[in-house]
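Okay, model_33.cif now, which holds mmCIF, C-alpha atoms:
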data_structure
#
loop_
_atom_site.group_PDB
_atom_site.id
_atom_site.type_symbol
_atom_site.label_atom_id
_atom_site.label_comp_id
_atom_site.auth_asym_id
_atom_site.auth_seq_id
_atom_site.Cartn_x
_atom_site.Cartn_y
_atom_site.Cartn_z
ATOM 1 C CA MET K 1 281.139 85.055 99.811
ATOM 2 C CA SER K 2 283.961 84.198 102.177
ATOM 3 C CA ASP K 3 287.616 84.669 101.408
ATOM 4 C CA SER K 4 288.526 81.817 103.760
ATOM 5 C CA ASN K 5 290.827 80.341 101.125
ATOM 6 C CA THR K 6 293.196 83.280 101.191
ATOM 7 C CA ASN K 7 296.098 83.600 103.615
ATOM 8 C CA ILE K 8 295.152 87.105 104.664
ATOM 9 C CA ARG K 9 292.176 88.222 106.710
ATOM 10 C CA ARG K 10 289.447 90.301 105.107
ATOM 11 C CA PRO K 11 289.528 93.769 106.721
ATOM 12 C CA ASP K 12 286.547 95.366 108.430
ATOM 13 C CA TRP K 13 285.990 97.916 105.652
ATOM 14 C CA LEU K 14 284.851 95.094 103.352
ATOM 15 C CA LYS K 15 281.942 93.974 105.509
ATOM 16 C CA ILE K 16 278.712 93.665 103.537
ATOM 17 C CA LYS K 17 275.274 94.485 104.931
ATOM 18 C CA LEU K 18 272.644 91.864 104.088
ATOM 19 C CA ASP K 19 269.262 93.437 103.373
ATOM 20 C CA THR K 20 266.533 91.316 101.785
ATOM 21 C CA SER K 21 263.785 93.888 102.183
ATOM 22 C CA GLU K 22 260.606 94.291 100.143
ATOM 23 C CA ALA K 23 262.357 96.190 97.349
ATOM 24 C CA PHE K 24 265.017 93.456 97.082
ATOM 25 C CA GLN K 25 262.355 90.756 96.840
ATOM 26 C CA ALA K 26 260.368 92.729 94.242
ATOM 27 C CA THR K 27 263.428 93.061 91.991
ATOM 28 C CA LYS K 28 264.197 89.372 92.436
ATOM 29 C CA GLU K 29 260.640 88.416 91.512
ATOM 30 C CA ILE K 30 260.643 90.455 88.297
ATOM 31 C CA ILE K 31 263.990 89.016 87.179
ATOM 32 C CA ASN K 32 262.907 85.453 87.935
ATOM 33 C CA SER K 33 259.498 85.865 86.261
ATOM 34 C CA LYS K 34 261.195 86.850 82.987
ATOM 35 C CA MET K 35 263.665 83.938 83.293
ATOM 36 C CA LEU K 36 266.637 86.287 83.154
ATOM 37 C CA ASN K 37 270.184 85.903 84.433
ATOM 38 C CA THR K 38 272.025 88.636 86.291
ATOM 39 C CA VAL K 39 275.706 89.133 86.881
ATOM 40 C CA CYS K 40 274.663 90.158 90.400
ATOM 41 C CA VAL K 41 273.900 86.506 91.182
ATOM 42 C CA GLU K 42 276.195 84.634 88.778
ATOM 43 C CA ALA K 43 279.308 86.619 89.739
ATOM 44 C CA ARG K 44 278.358 86.767 93.437
ATOM 45 C CA CYS K 45 278.532 90.543 93.501
ATOM 46 C CA PRO K 46 278.923 91.978 97.021
ATOM 47 C CA ASN K 47 276.615 94.890 96.146
ATOM 48 C CA ILE K 48 273.569 92.807 95.226
ATOM 49 C CA TYR K 49 271.611 93.822 98.326
ATOM 50 C CA GLU K 50 272.226 97.532 97.896
ATOM 51 C CA CYS K 51 271.537 97.544 94.157
ATOM 52 C CA TRP K 52 268.438 95.356 94.218
ATOM 53 C CA ASN K 53 266.975 97.426 97.020
ATOM 54 C CA ARG K 54 267.467 100.443 94.728
ATOM 55 C CA LYS K 55 265.653 98.494 91.974
ATOM 56 C CA THR K 56 268.738 98.337 89.791
ATOM 57 C CA ALA K 57 270.374 95.235 88.357
ATOM 58 C CA THR K 58 272.846 94.166 85.716
ATOM 59 C CA ILE K 59 271.103 91.846 83.275
ATOM 60 C CA MET K 60 273.270 89.063 81.829
ATOM 61 C CA ILE K 61 272.208 87.904 78.363
ATOM 62 C CA LEU K 62 273.185 84.939 76.178
ATOM 63 C CA GLY K 63 272.840 82.403 78.978
ATOM 64 C CA ASP K 64 274.770 81.678 82.157
ATOM 65 C CA VAL K 65 277.540 79.445 80.769
ATOM 66 C CA CYS K 66 280.725 81.150 79.567
ATOM 67 C CA THR K 67 283.128 79.750 76.973
ATOM 68 C CA ARG K 68 286.084 81.248 78.848
ATOM 69 C CA ALA K 69 287.399 80.481 82.326
ATOM 70 C CA CYS K 70 288.837 83.638 83.872
ATOM 71 C CA GLY K 71 290.552 83.065 87.194
ATOM 72 C CA PHE K 72 288.648 85.804 89.029
ATOM 73 C CA CYS K 73 285.134 84.918 87.848
ATOM 74 C CA SER K 74 282.599 82.516 89.362
ATOM 75 C CA VAL K 75 280.311 82.318 86.318
ATOM 76 C CA LYS K 76 279.978 78.737 85.042
ATOM 77 C CA THR K 77 282.245 77.765 82.178
ATOM 78 C CA GLY K 78 281.733 75.118 79.504
ATOM 79 C CA LYS K 79 279.755 74.570 76.317
ATOM 80 C CA PRO K 80 276.692 76.845 76.383
ATOM 81 C CA PRO K 81 273.274 75.731 75.149
ATOM 82 C CA THR K 82 271.789 77.492 72.141
ATOM 83 C CA TYR K 83 270.747 81.090 72.713
ATOM 84 C CA ASP K 84 267.162 82.369 72.928
ATOM 85 C CA THR K 85 266.154 84.854 70.211
ATOM 86 C CA MET K 86 263.253 86.036 72.400
ATOM 87 C CA GLU K 87 265.579 87.088 75.209
ATOM 88 C CA PRO K 88 265.826 90.757 74.063
ATOM 89 C CA ILE K 89 262.047 91.076 74.384
ATOM 90 C CA ARG K 90 262.006 89.543 77.884
ATOM 91 C CA VAL K 91 264.813 91.877 78.936
ATOM 92 C CA SER K 92 262.960 94.963 77.722
ATOM 93 C CA GLN K 93 259.746 93.793 79.431
ATOM 94 C CA ALA K 94 261.554 93.353 82.750
ATOM 95 C CA ILE K 95 263.185 96.782 82.507
ATOM 96 C CA LYS K 96 259.843 98.391 81.758
ATOM 97 C CA LYS K 97 258.237 96.629 84.723
ATOM 98 C CA MET K 98 261.079 97.730 86.996
ATOM 99 C CA ASP K 99 260.596 101.305 85.734
ATOM 100 C CA LEU K 100 264.309 101.873 85.277
ATOM 101 C CA ASN K 101 265.910 105.072 84.023
ATOM 102 C CA HIS K 102 269.241 103.346 83.400
ATOM 103 C CA VAL K 103 270.125 99.707 82.849
ATOM 104 C CA VAL K 104 273.391 97.807 82.523
ATOM 105 C CA VAL K 105 273.471 94.795 80.207
ATOM 106 C CA THR K 106 276.339 92.326 80.166
ATOM 107 C CA SER K 107 276.895 88.775 78.916
ATOM 108 C CA VAL K 108 279.018 85.690 79.081
ATOM 109 C CA ASP K 109 281.599 85.179 76.347
ATOM 110 C CA ARG K 110 280.121 83.215 73.455
ATOM 111 C CA ASP K 111 283.189 82.191 71.446
ATOM 112 C CA ASP K 112 281.117 79.238 70.194
ATOM 113 C CA LEU K 113 278.951 81.569 68.072
ATOM 114 C CA ARG K 114 281.553 82.046 65.396
ATOM 115 C CA ASP K 115 279.384 84.095 63.035
ATOM 116 C CA ASP K 116 279.255 87.152 65.329
ATOM 117 C CA TYR K 117 279.963 85.936 68.911
ATOM 118 C CA GLY K 118 276.434 86.869 69.972
ATOM 119 C CA ALA K 119 276.540 90.454 68.709
ATOM 120 C CA SER K 120 273.142 90.147 67.002
ATOM 121 C CA ILE K 121 271.451 89.363 70.315
ATOM 122 C CA TRP K 122 273.338 92.256 71.865
ATOM 123 C CA ALA K 123 272.107 94.684 69.202
ATOM 124 C CA ASP K 124 268.533 93.356 69.402
ATOM 125 C CA THR K 125 268.541 93.797 73.175
ATOM 126 C CA ILE K 126 269.707 97.416 72.990
ATOM 127 C CA ASN K 127 267.168 98.197 70.265
ATOM 128 C CA GLN K 128 264.308 96.548 72.159
ATOM 129 C CA ILE K 129 265.072 98.529 75.315
ATOM 130 C CA HIS K 130 265.224 101.799 73.398
ATOM 131 C CA LEU K 131 261.932 100.924 71.690
ATOM 132 C CA SER K 132 260.020 99.712 74.743
ATOM 133 C CA VAL K 133 261.482 102.031 77.396
ATOM 134 C CA PRO K 134 262.522 105.178 75.516
ATOM 135 C CA GLY K 135 263.357 107.055 78.716
ATOM 136 C CA CYS K 136 265.857 104.428 79.830
ATOM 137 C CA SER K 137 269.541 104.855 78.993
ATOM 138 C CA VAL K 138 271.447 101.682 78.137
ATOM 139 C CA GLU K 139 274.938 100.836 79.322
ATOM 140 C CA VAL K 140 276.537 97.737 77.828
ATOM 141 C CA LEU K 141 279.395 95.821 79.433
ATOM 142 C CA THR K 142 280.477 93.583 76.602
ATOM 143 C CA PRO K 143 282.940 90.789 75.904
ATOM 144 C CA ASP K 144 285.689 91.551 73.394
ATOM 145 C CA PHE K 145 283.994 89.679 70.505
ATOM 146 C CA LYS K 146 287.592 88.743 69.660
ATOM 147 C CA ALA K 147 287.864 92.292 68.264
ATOM 148 C CA HIS K 148 285.801 91.122 65.273
ATOM 149 C CA VAL K 149 284.931 94.433 63.619
ATOM 150 C CA PRO K 150 281.536 93.414 62.098
ATOM 151 C CA SER K 151 280.411 92.146 65.511
ATOM 152 C CA LEU K 152 281.500 95.294 67.299
ATOM 153 C CA GLU K 153 279.842 97.465 64.678
ATOM 154 C CA LYS K 154 276.521 95.688 65.268
ATOM 155 C CA VAL K 155 276.690 96.747 68.905
ATOM 156 C CA PHE K 156 278.017 100.231 68.158
ATOM 157 C CA ASN K 157 275.277 100.886 65.592
ATOM 158 C CA ALA K 158 272.593 100.120 68.184
ATOM 159 C CA LYS K 159 273.942 103.240 69.949
ATOM 160 C CA PRO K 160 274.099 102.342 73.632
ATOM 161 C CA GLU K 161 274.438 105.417 75.802
ATOM 162 C CA ILE K 162 277.587 103.929 77.356
ATOM 163 C CA PHE K 163 279.888 101.268 75.917
ATOM 164 C CA SER K 164 281.922 99.483 78.573
ATOM 165 C CA HIS K 165 284.562 96.776 78.312
ATOM 166 C CA ASN K 166 286.909 96.011 81.204
ATOM 167 C CA VAL K 167 290.679 95.788 81.175
ATOM 168 C CA GLU K 168 290.157 93.835 84.449
ATOM 169 C CA CYS K 169 293.773 94.036 85.675
ATOM 170 C CA VAL K 170 297.225 95.375 84.825
ATOM 171 C CA LYS K 171 298.902 94.021 81.696
ATOM 172 C CA ARG K 172 301.737 92.100 83.398
ATOM 173 C CA ILE K 173 299.391 89.644 85.144
ATOM 174 C CA SER K 174 296.626 89.596 82.548
ATOM 175 C CA LYS K 175 297.455 86.174 81.095
ATOM 176 C CA SER K 176 297.359 84.530 84.510
ATOM 177 C CA VAL K 177 294.081 86.279 85.386
ATOM 178 C CA ARG K 178 292.202 85.659 82.118
ATOM 179 C CA LYS K 179 294.036 83.090 80.045
ATOM 180 C CA GLN K 180 291.729 83.176 76.998
ATOM 181 C CA SER K 181 291.694 86.950 76.651
ATOM 182 C CA ASN K 182 294.240 89.451 75.400
ATOM 183 C CA TRP K 183 295.044 92.740 77.137
ATOM 184 C CA ASP K 184 296.048 94.565 73.948
ATOM 185 C CA ARG K 185 292.875 93.332 72.255
ATOM 186 C CA THR K 186 290.872 94.860 75.089
ATOM 187 C CA LEU K 187 292.494 98.235 74.428
ATOM 188 C CA GLU K 188 291.774 97.790 70.725
ATOM 189 C CA VAL K 189 288.075 97.284 71.467
ATOM 190 C CA LEU K 190 287.963 100.345 73.710
ATOM 191 C CA LYS K 191 289.707 102.466 71.074
ATOM 192 C CA MET K 192 287.233 101.339 68.400
ATOM 193 C CA SER K 193 284.365 102.410 70.659
ATOM 194 C CA VAL K 194 285.934 105.822 71.254
ATOM 195 C CA ASP K 195 286.615 106.292 67.528
ATOM 196 C CA PHE K 196 282.992 105.401 66.767
ATOM 197 C CA GLY K 197 281.939 108.288 68.996
ATOM 198 C CA LEU K 198 280.527 106.362 71.951
ATOM 199 C CA LEU K 199 280.923 107.353 75.590
ATOM 200 C CA THR K 200 283.378 104.666 76.700
ATOM 201 C CA LYS K 201 284.058 103.149 80.097
ATOM 202 C CA THR K 202 286.415 100.559 81.550
ATOM 203 C CA GLY K 203 287.292 99.124 84.928
ATOM 204 C CA MET K 204 289.797 97.015 86.799
ATOM 205 C CA MET K 205 290.403 95.146 90.048
ATOM 206 C CA VAL K 206 293.286 95.426 92.471
ATOM 207 C CA GLY K 207 294.523 92.752 94.831
ATOM 208 C CA LEU K 208 295.659 90.267 92.179
ATOM 209 C CA GLY K 209 299.392 90.875 92.446
ATOM 210 C CA GLU K 210 299.818 94.266 90.784
ATOM 211 C CA THR K 211 301.739 97.245 92.141
ATOM 212 C CA ASP K 212 300.316 100.730 92.599
ATOM 213 C CA GLU K 213 302.716 101.991 89.945
ATOM 214 C CA GLU K 214 301.232 99.492 87.480
ATOM 215 C CA VAL K 215 297.746 100.686 88.400
ATOM 216 C CA PHE K 216 298.722 104.279 87.586
ATOM 217 C CA GLU K 217 300.283 103.154 84.287
ATOM 218 C CA THR K 218 297.088 101.290 83.345
ATOM 219 C CA MET K 219 294.959 104.329 84.134
ATOM 220 C CA GLU K 220 297.227 106.502 81.990
ATOM 221 C CA GLU K 221 297.051 104.096 79.067
ATOM 222 C CA VAL K 222 293.258 103.919 78.953
ATOM 223 C CA ALA K 223 292.922 107.658 79.496
ATOM 224 C CA CYS K 224 295.190 108.275 76.498
ATOM 225 C CA ILE K 225 292.879 106.419 74.117
ATOM 226 C CA GLY K 226 289.873 108.524 75.122
ATOM 227 C CA VAL K 227 288.051 106.446 77.756
ATOM 228 C CA LYS K 228 285.975 108.836 79.895
ATOM 229 C CA ILE K 229 284.679 106.706 82.792
ATOM 230 C CA PHE K 230 286.933 104.574 84.979
ATOM 231 C CA ASN K 231 286.060 102.172 87.800
ATOM 232 C CA ILE K 232 288.447 100.464 90.208
ATOM 233 C CA GLY K 233 287.649 98.145 93.103
ATOM 234 C CA GLN K 234 289.043 95.429 95.352
ATOM 235 C CA TYR K 235 289.178 91.856 94.008
ATOM 236 C CA LEU K 236 287.414 89.399 96.327
ATOM 237 C CA GLN K 237 287.817 85.661 95.844
ATOM 238 C CA PRO K 238 284.301 84.345 95.054
ATOM 239 C CA SER K 239 285.071 80.631 95.601
ATOM 240 C CA LYS K 240 287.904 78.261 96.470
ATOM 241 C CA ASN K 241 288.370 77.577 92.751
ATOM 242 C CA ASN K 242 289.214 81.193 91.954
ATOM 243 C CA LEU K 243 292.424 83.172 92.296
ATOM 244 C CA THR K 244 293.385 84.125 95.836
ATOM 245 C CA VAL K 245 293.624 87.706 97.057
ATOM 246 C CA LYS K 246 297.221 88.943 97.135
ATOM 247 C CA ARG K 247 296.524 92.138 99.058
ATOM 248 C CA PHE K 248 293.676 94.216 100.446
ATOM 249 C CA VAL K 249 294.057 97.803 99.317
ATOM 250 C CA HIS K 250 293.218 100.414 101.963
ATOM 251 C CA PRO K 251 290.358 102.852 101.235
ATOM 252 C CA ASP K 252 292.828 105.743 101.453
ATOM 253 C CA GLN K 253 294.740 104.322 98.483
ATOM 254 C CA PHE K 254 291.517 104.174 96.478
ATOM 255 C CA LYS K 255 291.172 107.907 97.136
ATOM 256 C CA VAL K 256 294.649 108.350 95.657
ATOM 257 C CA TYR K 257 293.596 106.386 92.558
ATOM 258 C CA LYS K 258 290.505 108.575 92.245
ATOM 259 C CA GLN K 259 292.417 111.852 92.462
ATOM 260 C CA PHE K 260 294.976 110.606 89.941
ATOM 261 C CA GLY K 261 292.171 109.594 87.572
ATOM 262 C CA TYR K 262 290.674 113.070 87.581
ATOM 263 C CA GLU K 263 294.120 114.561 86.998
ATOM 264 C CA LEU K 264 294.395 112.333 83.915
ATOM 265 C CA GLY K 265 291.173 113.761 82.526
ATOM 266 C CA PHE K 266 288.590 111.068 83.229
ATOM 267 C CA LYS K 267 285.143 112.648 83.531
ATOM 268 C CA VAL K 268 283.926 110.108 86.108
ATOM 269 C CA VAL K 269 286.068 107.994 88.438
ATOM 270 C CA GLU K 270 284.561 105.448 90.838
ATOM 271 C CA SER K 271 287.267 104.175 93.176
ATOM 272 C CA ALA K 272 286.552 102.306 96.422
ATOM 273 C CA PRO K 273 286.941 98.751 97.746
ATOM 274 C CA LEU K 274 283.430 97.570 96.803
ATOM 275 C CA VAL K 275 283.179 99.392 93.471
ATOM 276 C CA ARG K 276 282.235 97.061 90.618
ATOM 277 C CA SER K 277 281.676 97.606 86.890
ATOM 278 C CA SER K 278 278.042 98.619 87.184
ATOM 279 C CA TYR K 279 278.042 99.965 90.744
ATOM 280 C CA HIS K 280 276.036 103.230 90.836
ATOM 281 C CA ALA K 281 276.036 103.228 87.034
ATOM 282 C CA ASP K 282 272.879 105.354 86.985
ATOM 283 C CA GLU K 283 274.641 107.986 89.078
ATOM 284 C CA GLN K 284 277.691 107.881 86.799
ATOM 285 C CA VAL K 285 275.517 108.888 83.865
ATOM 286 C CA LYS K 286 274.229 111.864 85.841
ATOM 287 C CA LEU K 287 277.753 112.821 86.884
ATOM 288 C CA TYR K 288 278.967 112.689 83.300
ATOM 289 C CA ASN K 289 276.013 114.641 81.915
ATOM 290 C CA ASN K 290 276.494 117.289 84.565
#
Exercise: express the given structure as structure tokens:
Amino acid sequence: MSDSNTNIRRPDWLKIKLDTSEAFQATKEIINSKMLNTVCVEARCPNIYECWNRKTATIMILGDVCTRACGFCSVKTGKPPTYDTMEPIRVSQAIKKMDLNHVVVTSVDRDDLRDDYGASIWADTINQIHLSVPGCSVEVLTPDFKAHVPSLEKVFNAKPEIFSHNVECVKRISKSVRKQSNWDRTLEVLKMSVDFGLLTKTGMMVGLGETDEEVFETMEEVACIGVKIFNIGQYLQPSKNNLTVKRFVHPDQFKVYKQFGYELGFKVVESAPLVRSSYHADEQVKLYNN
């Protein structure tokens, strides 16, 4: 997880504590036994040790090969194999075994599944979790499904407790960060979720070449469409093949982002260097409900 390919040194506040304790190993064993993928591993998340020791994980469905090649992401890209219709059952079994109260489910982009871009598997997964673990709230971090309304409605109608889709970065640099996506389409997806009545969340990274003013403008734009939960963290280059870090934002600036977010009306704002989309997601639900 080194940023040795950047021209600037990683600051001390980004040091990660490695902790492969018994709880970490137990979570790993359950995930592996159900043959599941996690974004924790595939995206080389810096919080994997903390989260797995807390018996929380972000399950990644629809395989581990993405049809898109975003510059910030280390997930494999290419032509995915066929999907597994039994995956929703395995996911729900793992969540039940882990005794979770809240789970985050995400996926690779499946632009190859042109009928619904994988939305049926998404809906089945949400429904299976609600059926098998009724006390567990479900947060989904979805692709954009190319803003295909029937696909989005399949997911919406399964009624996840939180619908999340990330803007990822400011609009000006979006095309260089995620060439096969569309920033305005992302906002369209978020607005559809809000209009459907779902609690909606988004997040972004800094350190990719944006200015603080652009960060504030992005926060304003998503707040205006009714998004209630906002996450912002430092981009870290996961491999030499990914985009380099342009700047390391000081923790004090993340506090400024957080205060500004609450002034805009967000109900929950997570803002710190190591914050990621699903970081402390279970606590965010509690914060919102309180």
| remark: Separating atom CA of K:Leu199 from atom CA of K:Phe163, to the nearest tenth of an Å, is a gap of 6.2 Å
| task | Could you give me, as a ChimeraX atom specification, the residues within 8 Å of stretch 224-235 of chain K, counting only C-alpha atoms and dropping anything in the same chain fewer than 4 positions from it? | result | /K:72,190-191,194,199-208,220,245,248-249,254,261,265-277
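Between atom CA of K:Leu243 and atom CA of K:Arg10 there is a distance of 15.0 Å.
Comparing the minimum interatomic distances between K:Lys97 and each of K:Val133, K:Ile162, K:Ala223, K:Cys169, counting all atoms listed in the file, we find that K:Val133 sits nearest.
Here atom CA of K:Glu263 is placed at a distance of 23.5 Å from atom CA of K:Glu188.
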| task | Name all residues at most 9 Å from K:Ser151 (count only C-alpha atoms; drop same-chain ones fewer than 5 positions away) and give them as a list in words. | result | Asp115, Asp116, Tyr117, Gly118, Ala119, Ser120, Phe145, Lys146 and Phe156 of chain K
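Every residue that the PyMOL selection byres ((chain K and resi 87) around 10) selects in this file is listed here: Lys34, Met35, Leu36, Ile61, Leu62, Gly63, Tyr83, Asp84, Thr85, Met86, Pro88, Ile89, Arg90, Val91, Ser92, Gln93, Ile121, Trp122, Asp124 and Thr125 of chain K.
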Would you save the residues of that selection, restricted to C-alpha atoms, as a compact mmCIF listing (two decimals), keeping the file's coordinate frame?
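That gives us out.txt:
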# COMPACT_ATOMS: atom_id res chain seq x y z
CA LYS K 34 261.20 86.85 82.99
CA MET K 35 263.67 83.94 83.29
CA LEU K 36 266.64 86.29 83.15
CA ILE K 61 272.21 87.90 78.36
CA LEU K 62 273.18 84.94 76.18
CA GLY K 63 272.84 82.40 78.98
CA TYR K 83 270.75 81.09 72.71
CA ASP K 84 267.16 82.37 72.93
CA THR K 85 266.15 84.85 70.21
CA MET K 86 263.25 86.04 72.40
CA PRO K 88 265.83 90.76 74.06
CA ILE K 89 262.05 91.08 74.38
CA ARG K 90 262.01 89.54 77.88
CA VAL K 91 264.81 91.88 78.94
CA SER K 92 262.96 94.96 77.72
CA GLN K 93 259.75 93.79 79.43
CA ILE K 121 271.45 89.36 70.32
CA TRP K 122 273.34 92.26 71.86
CA ASP K 124 268.53 93.36 69.40
CA THR K 125 268.54 93.80 73.18
